[in-house]
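J.: Sending over coords02.txt (compact mmCIF, C-alpha atoms and all ligand atoms).
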```txt
# COMPACT_ATOMS: atom_id res chain seq x y z
CA LEU H 1 -43.31 -176.27 15.57
CA SER H 2 -39.88 -177.26 16.84
CA GLU H 3 -41.42 -178.91 19.89
CA SER H 4 -43.41 -181.41 17.88
CA LEU H 5 -40.58 -181.80 15.39
CA ALA H 6 -38.24 -182.60 18.29
CA ASP H 7 -40.70 -185.23 19.56
CA ARG H 8 -40.93 -186.78 16.12
CA ILE H 9 -37.13 -186.91 15.81
CA ILE H 10 -36.84 -188.57 19.20
CA SER H 11 -39.44 -191.15 18.19
CA GLY H 12 -37.26 -192.02 15.17
CA ASP H 13 -39.45 -190.58 12.41
CA ARG H 14 -37.25 -190.51 9.32
CA ARG H 15 -39.10 -187.63 7.68
CA ALA H 16 -38.68 -185.54 10.81
CA ILE H 17 -34.97 -186.38 10.91
CA ALA H 18 -34.58 -185.34 7.27
CA LYS H 19 -36.45 -182.10 7.87
CA ALA H 20 -34.41 -181.30 10.97
CA ILE H 21 -31.16 -181.88 9.12
CA THR H 22 -32.22 -179.46 6.41
CA ILE H 23 -33.04 -176.90 9.10
CA VAL H 24 -29.67 -177.21 10.83
CA GLU H 25 -27.73 -177.41 7.57
CA ASN H 26 -29.28 -174.22 6.29
CA LYS H 27 -29.03 -172.60 9.72
CA GLU H 28 -32.72 -171.78 9.48
CA LYS H 29 -34.46 -169.92 12.25
CA GLY H 30 -35.09 -172.21 15.17
CA ALA H 31 -32.15 -174.51 14.37
CA ARG H 32 -30.36 -173.90 17.68
CA GLU H 33 -33.59 -174.21 19.62
CA LEU H 34 -34.34 -177.51 17.93
CA LEU H 35 -30.87 -178.83 18.78
CA GLU H 36 -31.41 -177.75 22.39
CA ARG H 37 -34.70 -179.63 22.52
CA ILE H 38 -33.18 -182.90 21.38
CA ASP H 39 -29.97 -182.48 23.38
CA ARG H 40 -30.94 -184.82 26.23
CA ASN H 41 -31.57 -187.64 23.79
CA ALA H 42 -28.21 -187.34 22.03
CA GLY H 43 -24.97 -189.02 23.07
CA LYS H 44 -26.00 -192.63 22.69
CA SER H 45 -24.99 -193.52 19.14
CA PHE H 46 -21.71 -195.19 18.32
CA VAL H 47 -20.16 -193.10 15.54
CA LEU H 48 -18.03 -195.00 13.06
CA GLY H 49 -15.92 -193.09 10.54
CA ILE H 50 -15.11 -194.69 7.22
CA THR H 51 -12.58 -192.95 5.06
CA GLY H 52 -10.06 -193.60 2.30
CA PRO H 53 -9.17 -192.50 -1.22
CA PRO H 54 -11.92 -192.31 -3.84
CA GLY H 55 -12.94 -195.58 -5.46
CA THR H 56 -11.56 -197.95 -2.83
CA GLY H 57 -15.05 -199.32 -2.23
CA LYS H 58 -16.17 -197.43 0.88
CA SER H 59 -19.81 -197.13 -0.16
CA THR H 60 -19.95 -200.80 -1.15
CA LEU H 61 -18.47 -201.69 2.21
CA VAL H 62 -20.87 -199.42 4.08
CA ASN H 63 -23.74 -201.25 2.41
CA ARG H 64 -22.40 -204.55 3.68
CA LEU H 65 -22.17 -203.12 7.19
CA ILE H 66 -25.73 -201.81 6.98
CA GLU H 67 -26.94 -205.29 6.00
CA ARG H 68 -25.20 -206.87 8.95
CA TYR H 69 -26.29 -204.33 11.53
CA ARG H 70 -29.87 -204.56 10.31
CA LYS H 71 -29.72 -208.33 10.76
CA LYS H 72 -28.74 -207.67 14.37
CA GLY H 73 -31.81 -205.46 14.63
CA LEU H 74 -29.83 -202.28 15.14
CA ARG H 75 -30.82 -198.91 13.73
CA VAL H 76 -28.24 -197.39 11.40
CA GLY H 77 -27.67 -193.84 10.19
CA ILE H 78 -25.37 -193.00 7.30
CA ILE H 79 -23.83 -189.62 6.53
CA ALA H 80 -22.14 -189.79 3.13
CA VAL H 81 -19.92 -186.77 2.60
CA ASP H 82 -19.32 -186.23 -1.04
CA PRO H 83 -16.81 -183.88 -2.65
CA THR H 84 -18.96 -183.30 -5.68
CA SER H 85 -21.80 -180.82 -5.69
CA PRO H 86 -25.28 -182.18 -5.10
CA ILE H 87 -26.40 -181.03 -8.52
CA THR H 88 -23.66 -182.35 -10.76
CA GLY H 89 -22.46 -185.10 -8.48
CA GLY H 90 -21.95 -188.35 -10.30
CA ALA H 91 -20.44 -190.07 -7.29
CA LEU H 92 -23.35 -189.04 -5.13
CA LEU H 93 -25.71 -190.67 -7.55
CA GLY H 94 -23.53 -193.76 -7.43
CA ASP H 95 -23.81 -193.88 -3.65
CA ARG H 96 -27.56 -193.48 -3.83
CA ILE H 97 -27.89 -196.36 -6.28
CA ARG H 98 -25.67 -198.63 -4.25
CA MET H 99 -27.57 -197.85 -1.07
CA VAL H 100 -30.97 -198.05 -2.70
CA ASN H 101 -31.69 -201.48 -1.21
CA HIS H 102 -32.20 -199.87 2.15
CA THR H 103 -34.51 -197.02 1.26
CA THR H 104 -37.68 -198.81 2.30
CA ASP H 105 -36.23 -199.91 5.62
CA GLN H 106 -37.38 -197.66 8.50
CA GLY H 107 -34.32 -198.70 10.50
CA VAL H 108 -31.90 -197.08 8.07
CA PHE H 109 -31.47 -193.37 7.57
CA ILE H 110 -29.17 -192.15 4.79
CA ARG H 111 -28.13 -188.57 4.19
CA SER H 112 -25.66 -187.27 1.64
CA MET H 113 -23.85 -184.03 2.26
CA ALA H 114 -21.84 -182.16 -0.34
CA SER H 115 -18.43 -181.27 1.01
CA ARG H 116 -18.23 -178.18 -1.20
CA GLY H 117 -19.61 -174.80 -0.38
CA TRP H 118 -19.16 -174.91 3.37
CA SER H 119 -16.09 -172.63 3.48
CA GLY H 120 -14.53 -174.44 6.40
CA GLY H 121 -17.73 -175.16 8.27
CA LEU H 122 -18.21 -178.71 7.03
CA SER H 123 -17.15 -180.40 10.26
CA ALA H 124 -19.44 -178.13 12.26
CA ALA H 125 -22.33 -178.93 9.94
CA ILE H 126 -21.63 -182.64 10.33
CA VAL H 127 -21.61 -182.27 14.10
CA ASP H 128 -25.16 -180.91 14.00
CA VAL H 129 -26.29 -183.65 11.64
CA VAL H 130 -24.72 -186.31 13.87
CA ARG H 131 -26.55 -184.92 16.90
CA VAL H 132 -29.91 -184.99 15.13
CA ILE H 133 -29.48 -188.59 13.99
CA ASP H 134 -28.08 -189.57 17.39
CA ALA H 135 -31.13 -188.18 19.21
CA SER H 136 -33.42 -190.27 17.01
CA GLY H 137 -32.37 -193.46 18.74
CA THR H 138 -29.94 -194.65 16.07
CA ASP H 139 -27.54 -197.29 17.37
CA ILE H 140 -24.77 -196.72 14.87
CA ILE H 141 -23.94 -193.69 12.78
CA ILE H 142 -21.53 -194.25 9.91
CA ILE H 143 -19.82 -191.21 8.43
CA GLU H 144 -18.32 -191.94 5.00
CA THR H 145 -15.84 -189.35 3.76
CA VAL H 146 -13.32 -189.31 0.94
CA GLY H 147 -10.02 -189.26 2.76
CA ILE H 148 -8.07 -186.84 0.67
CA GLY H 149 -7.71 -183.72 2.71
CA GLN H 150 -7.31 -182.15 6.11
CA ALA H 151 -11.06 -181.59 6.33
CA ASP H 152 -11.68 -185.34 6.24
CA ILE H 153 -9.17 -185.92 9.00
CA GLU H 154 -11.00 -183.28 11.08
CA ILE H 155 -14.30 -185.01 10.45
CA MET H 156 -12.92 -188.35 11.57
CA LYS H 157 -12.09 -186.86 14.99
CA VAL H 158 -15.82 -186.76 15.59
CA ALA H 159 -16.01 -190.56 15.21
CA HIS H 160 -15.55 -192.98 18.10
CA ALA H 161 -13.61 -195.30 15.81
CA THR H 162 -12.22 -194.95 12.30
CA VAL H 163 -11.92 -197.49 9.52
CA VAL H 164 -9.54 -196.60 6.69
CA VAL H 165 -10.34 -198.33 3.41
CA LEU H 166 -7.55 -198.97 0.92
CA MET H 167 -7.18 -201.37 -1.98
CA PRO H 168 -4.47 -203.44 -3.69
CA ALA H 169 -1.87 -201.89 -5.94
CA MET H 170 -1.93 -198.54 -4.20
CA GLY H 171 1.66 -199.15 -3.11
CA ASP H 172 2.81 -196.51 -0.71
CA ASP H 173 0.71 -194.17 -2.71
CA ILE H 174 1.28 -190.52 -1.99
CA GLN H 175 -2.48 -190.17 -1.49
CA VAL H 176 -2.31 -192.44 1.50
CA SER H 177 0.75 -191.22 3.34
CA LYS H 178 0.31 -187.53 2.56
CA ALA H 179 -3.33 -187.46 3.50
CA GLY H 180 -2.57 -188.38 7.09
CA LEU H 181 -4.56 -191.59 6.83
CA MET H 182 -1.82 -193.56 8.54
CA GLU H 183 -2.36 -191.71 11.79
CA ILE H 184 -6.10 -192.03 12.19
CA GLY H 185 -7.16 -195.62 11.54
CA ASP H 186 -8.25 -198.02 14.27
CA VAL H 187 -8.88 -200.61 11.60
CA TYR H 188 -7.34 -200.72 8.12
CA VAL H 189 -9.23 -202.52 5.41
CA ILE H 190 -7.61 -203.74 2.23
CA ASN H 191 -10.74 -203.96 0.16
CA LYS H 192 -10.95 -205.54 -3.31
CA SER H 193 -8.82 -208.41 -2.07
CA ASP H 194 -10.44 -210.43 -4.87
CA LEU H 195 -8.02 -208.53 -7.09
CA GLU H 196 -4.31 -209.24 -7.38
CA GLY H 197 -1.81 -207.69 -4.99
CA ALA H 198 -3.80 -207.70 -1.77
CA ASP H 199 -1.14 -209.53 0.25
CA SER H 200 1.68 -207.26 -0.80
CA MET H 201 -0.55 -204.28 -0.07
CA VAL H 202 -1.02 -205.60 3.48
CA LEU H 203 2.78 -205.73 3.90
CA ASN H 204 3.13 -202.25 2.45
CA LEU H 205 0.49 -200.96 4.77
CA LEU H 206 2.01 -202.53 7.87
CA GLY H 207 5.28 -200.80 6.96
CA MET H 208 3.56 -197.46 6.52
CA ILE H 209 1.72 -197.77 9.82
CA ARG H 210 4.93 -198.68 11.64
CA GLU H 211 6.64 -195.63 10.15
CA ALA H 212 3.83 -193.29 11.06
CA ARG H 213 3.36 -194.21 14.70
CA ASP H 214 3.79 -196.82 17.41
CA ARG H 215 0.13 -197.45 18.14
CA LYS H 216 -0.99 -200.79 16.82
CA SER H 217 -3.93 -201.02 14.52
CA MET H 218 -5.69 -203.91 12.93
CA VAL H 219 -5.47 -204.81 9.27
CA VAL H 220 -8.04 -206.93 7.51
CA LYS H 221 -8.46 -208.14 3.93
CA VAL H 222 -11.95 -207.80 2.55
CA SER H 223 -13.90 -208.02 -0.66
CA ALA H 224 -16.97 -205.90 -0.15
CA LEU H 225 -18.14 -206.77 -3.64
CA LYS H 226 -17.97 -210.53 -3.04
CA ASP H 227 -18.95 -210.18 0.61
CA GLN H 228 -15.74 -211.86 1.77
CA GLY H 229 -13.87 -211.07 5.00
CA MET H 230 -16.80 -209.04 6.24
CA GLU H 231 -17.34 -211.23 9.30
CA GLU H 232 -13.80 -210.58 10.43
CA LEU H 233 -14.15 -206.86 9.85
CA MET H 234 -17.43 -206.85 11.76
CA LYS H 235 -15.71 -208.68 14.62
CA LEU H 236 -13.02 -205.99 14.83
CA ILE H 237 -15.53 -203.16 14.76
CA GLU H 238 -17.78 -204.86 17.28
CA GLU H 239 -14.81 -205.37 19.58
CA ILE H 240 -14.29 -201.62 19.64
CA ARG H 241 -18.01 -200.92 19.93
CA SER H 242 -18.35 -203.30 22.87
CA LYS H 243 -16.01 -201.03 24.83
CA PHE H 244 -18.31 -198.10 24.21
CA SER H 245 -20.28 -198.56 27.42
CA THR H 246 -17.22 -199.38 29.55
CA SER H 247 -14.65 -197.06 31.13
CA GLU H 248 -12.60 -197.24 27.94
CA GLY H 249 -15.66 -196.05 26.09
CA LYS H 250 -15.71 -192.97 28.26
CA ASN H 251 -12.40 -191.92 26.69
CA MET H 252 -13.86 -192.43 23.22
CA LYS H 253 -16.82 -190.28 24.18
CA LEU H 254 -14.62 -187.59 25.70
CA ARG H 255 -12.43 -187.42 22.61
CA SER H 256 -15.37 -187.32 20.24
CA THR H 257 -17.44 -184.85 22.25
CA SER H 258 -14.56 -182.44 22.76
CA SER H 259 -13.72 -182.59 19.04
CA MET H 260 -17.34 -181.86 18.23
CA MET H 261 -17.37 -178.91 20.60
CA VAL H 262 -14.13 -177.53 19.17
CA GLU H 263 -15.42 -177.83 15.58
CA ALA H 264 -18.67 -176.08 16.51
CA ALA H 265 -16.86 -173.33 18.43
CA LYS H 266 -14.26 -172.77 15.70
CA ASN H 267 -17.02 -172.40 13.18
CA ARG H 268 -18.94 -169.89 15.26
CA ILE H 269 -15.87 -167.78 15.96
CA LEU H 270 -15.01 -167.82 12.27
CA ASN H 271 -18.53 -166.80 11.27
CA LYS H 272 -18.53 -163.97 13.74
CA PHE H 273 -15.12 -162.82 12.57
CA GLU H 274 -16.06 -162.97 8.91
CA LYS H 275 -19.17 -160.95 9.60
CA LYS H 276 -17.06 -158.36 11.31
CA LEU H 277 -14.56 -158.31 8.45
CA LYS H 278 -17.36 -157.27 6.16
CA GLU H 279 -18.10 -154.19 8.23
CA SER H 280 -15.21 -152.68 10.06
CA PRO H 281 -11.78 -153.03 8.39
CA LYS H 282 -12.12 -150.05 6.09
CA LYS H 283 -13.32 -147.77 8.88
CA LEU H 284 -10.48 -148.90 11.09
CA ALA H 285 -7.97 -148.57 8.26
CA GLU H 286 -8.99 -144.97 7.74
CA GLN H 287 -8.22 -144.23 11.35
CA VAL H 288 -4.87 -146.00 11.05
CA ILE H 289 -3.93 -143.97 7.98
CA GLU H 290 -4.84 -140.77 9.77
CA HIS H 291 -2.88 -141.92 12.83
CA LYS H 292 -5.96 -141.64 14.99
CA ILE H 293 -5.34 -145.15 16.28
CA SER H 294 -2.29 -147.36 16.00
CA PHE H 295 -2.07 -150.35 13.71
CA GLU H 296 -1.86 -152.65 16.75
CA GLU H 297 -4.94 -151.11 18.24
CA ALA H 298 -6.82 -151.57 14.98
CA VAL H 299 -5.90 -155.27 14.88
CA ASN H 300 -7.01 -155.65 18.48
CA ARG H 301 -10.33 -154.03 17.74
CA LEU H 302 -10.80 -156.37 14.81
CA ILE H 303 -10.52 -159.43 17.00
CA GLU H 304 -12.59 -158.07 19.86
CA SER H 305 -16.06 -159.46 19.77
N1 LIG H 401 -13.26 -205.98 -7.51
C1 LIG H 401 -13.85 -205.32 -6.53
N2 LIG H 401 -14.46 -204.16 -6.79
C2 LIG H 401 -15.07 -203.51 -5.78
C3 LIG H 401 -15.06 -204.01 -4.45
N3 LIG H 401 -15.72 -203.13 -3.66
C4 LIG H 401 -16.13 -202.13 -4.45
N4 LIG H 401 -15.74 -202.35 -5.73
C5 LIG H 401 -16.02 -201.50 -6.91
O1 LIG H 401 -15.24 -200.33 -6.84
C6 LIG H 401 -15.94 -199.21 -7.39
C7 LIG H 401 -15.99 -198.08 -6.39
O2 LIG H 401 -16.78 -198.49 -5.29
P1 LIG H 401 -17.41 -197.46 -4.25
O3 LIG H 401 -18.04 -198.27 -3.19
O4 LIG H 401 -18.25 -196.44 -4.94
O5 LIG H 401 -16.09 -196.73 -3.73
P2 LIG H 401 -15.94 -195.39 -2.85
O6 LIG H 401 -15.64 -194.28 -3.80
O7 LIG H 401 -14.76 -195.67 -1.98
O8 LIG H 401 -17.21 -195.20 -2.08
C8 LIG H 401 -17.31 -199.74 -7.78
O9 LIG H 401 -17.29 -200.02 -9.14
C9 LIG H 401 -17.44 -201.00 -6.95
O10 LIG H 401 -18.28 -201.97 -7.54
C10 LIG H 401 -14.40 -205.26 -4.20
O11 LIG H 401 -14.32 -205.77 -3.09
N5 LIG H 401 -13.81 -205.85 -5.28
MG MG H 402 -18.52 -193.55 -1.81
```
Just dump the structure as structure tokens.
T.:
Amino acid sequence: LSESLADRIISGDRRAIAKAITIVENKEKGARELLERIDRNAGKSFVLGITGPPGTGKSTLVNRLIERYRKKGLRVGIIAVDPTSPITGGALLGDRIRMVNHTTDQGVFIRSMASRGWSGGLSAAIVDVVRVIDASGTDIIIIETVGIGQADIEIMKVAHATVVVLMPAMGDDIQVSKAGLMEIGDVYVINKSDLEGADSMVLNLLGMIREARDRKSMVVKVSALKDQGMEELMKLIEEIRSKFSTSEGKNMKLRSTSSMMVEAAKNRILNKFEKKLKESPKKLAEQVIEHKISFEEAVNRLIES
């Protein structure tokens, strides 16, 4: 089964991609084998992270990017990570509606993932999903996350480049500076620049970036809704993407691949450890209480695999 499924993924079959993602997400039997089978075909997609506080217009912007990349004839994959549960998720529904224009296009693959219920393994799950979509011959994979927590920052390490989306009148909002968003952006977008306060937000932002680090990043004003400033944003992203197949791109790939490996490894160690915690602590504790083994020895045994 996984042999033919792997072939179908590699040929770009959207239904096969969707099925494979379900298999790896649920850690079904054969998931690892499937990932092994597609491994040689992965590593070609440019992964673009898009993050920022809720409601800044990320999904609207992603739609605009999809339109443009499709016009270039490129295949696009979207992973929309949503904090709400898949059952009650209003925002998820919103994303679906906004992206609905692309559902009949074979060159676009969209997958929503709930960020809840992964108990720390979200990044690892995303890594597997990225590899499946990557192996299907997708040129660009966009990961949209709500940039409000450490988990989102972790996810963005998987991306080759990160776009942070903000909007006017956020000031030096605690959401922005506390969330670590100032450290991770290659490009900062002030979206909703059709609204008042965009210019002062740009100044604010430049100040915040300067405070956070010395690396320069690009700032661009956009209105995703009115489709304004999108050409300039595309130019900035394409500038980064054009380096992907050069020596500079090698560094992007190294950073992304090592982050992916670390996320996957962390998750597996954690799973193993948690499994062990279910079995042995009480038995070990009994021996500690009875002074059959020392406390230190018990801790050591707990972390031995
Ligand atoms: N005025 C204005 N509204 C926008 C713009 N982009 C998005 N919006 C609106 O902002 C709201 C949130 O957009 P959405 O894309 O779902 O934001 P997300 O939560 O960051 O993904 C929606 O009502 C959009 O129509 C824009 O450029 N200008
Ligand atoms: Mg969204």
J.: When you count only C-alpha atoms, which of these residues is closest to Met230 of chain H: H:Val187, H:Ser245, H:Arg68, H:Ala114?
T.: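 Of all the options, H:Arg68 lies closest to Met230 of chain H.
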J.: Would you be able to write out as a list in words which residues have an atom within 7 Å of (-19.6, -184.5, 0.1) in the file's coordinates, counting all atoms listed in the file?
T.: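 Residues found, by chain and rising number: Ala80, Val81, Asp82, Pro83, Thr84, Ser112, Met113, Ala114, Ser115 and Arg116 of chain H.
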J.: Can you report as lines of an AutoDock Vina configuration file the centre and edge lengths in Å, to one decimal, of an axis-aligned box around the listed atoms of ligand LIG 401 (chain H) padded with 3 Å on each side?
T.:
```
center_x = -15.8
center_y = -200.1
center_z = -5.6
size_x = 11.0
size_y = 17.7
size_z = 13.2
```
J.: If I put a ball of radius 12 Å at (-19.7, -177.7, 23.8) in the file's coordinates, which residues poke into it when counting all atoms listed in the file, written as a PyMOL selection string?
T.: chain H and resi 36+39+124+127-128+254+256-266+268
J.: Can you pull out the residues contacting Val130 of chain H? Cut-off 10 Å, using all atoms listed in the file, and skip same-chain residues under 6 positions away; I want them as a ChimeraX atom specification.
T.: /H:21,42-43,45,47,77-79,124,141-143,158-159,260
J.: When you count only C-alpha atoms and all ligand atoms, which of these residues is closest to ligand MG 402 (chain H): H:Gln106, H:Thr138, H:Asn41, H:Thr145?
T.: H:Thr145
J.: As a PyMOL selection string, please: the residues near Phe244 of chain H (cut-off 12 Å, all atoms listed in the file, same-chain neighbours under 3 positions excluded).
T.: chain H and resi 43-48+139-140+159-161+237-241+247-254+256
J.: Please list as a list in words every residue within 12 Å of Arg37 of chain H, counting only C-alpha atoms and excluding residues in the same chain fewer than 4 positions away.
T.: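 In the requested format, the answer is Leu1, Ser2, Glu3, Ser4, Leu5, Ala6, Asp7, Arg8, Ile9, Ile10, Ala20, Gly30, Ala31, Arg32, Glu33, Asn41, Ala42, Arg131, Val132 and Ala135 of chain H.
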J.: Pick out the closest residue to ligand LIG 401 (chain H) from this set: H:Asp152, H:Asp227, H:Glu183, H:Asp13. Count only C-alpha atoms and all ligand atoms.
T.: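 Answer, going by the shortest atom-to-atom distance: H:Asp227.
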J.: H:Ala18, H:Ile133, H:Ile66, H:Val165: which is nearest ligand MG 402 (chain H), counting only C-alpha atoms and all ligand atoms?
T.: H:Val165
J.: Set the cut-off to 7 Å, count only C-alpha atoms and all ligand atoms, and list whatever residues fall near ligand LIG 401 (chain H) as number ranges by chain.
T.: H: 52-61, 94-95, 191-195, 222-226
J.: What does the distance from atom CA of Gln228 of chain H to atom CA of Pro168 of chain H come to in Å, to one decimal?
T.: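 For atom CA of Gln228 of chain H relative to atom CA of Pro168 of chain H, the distance reads 15.1 Å.
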J.: Find, counting only C-alpha atoms and all ligand atoms, the residue in H:Gly107, H:Gly197, H:Gly147, H:Gly12 that gets nearest to ligand MG 402 (chain H).
T.: H:Gly147
J.: Quick one: pull the distance between atom CA of Val129 of chain H and atom CA of Lys278 of chain H, Å, one decimal.
T.: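 Rounded to one decimal, the two atoms are 28.4 Å apart.
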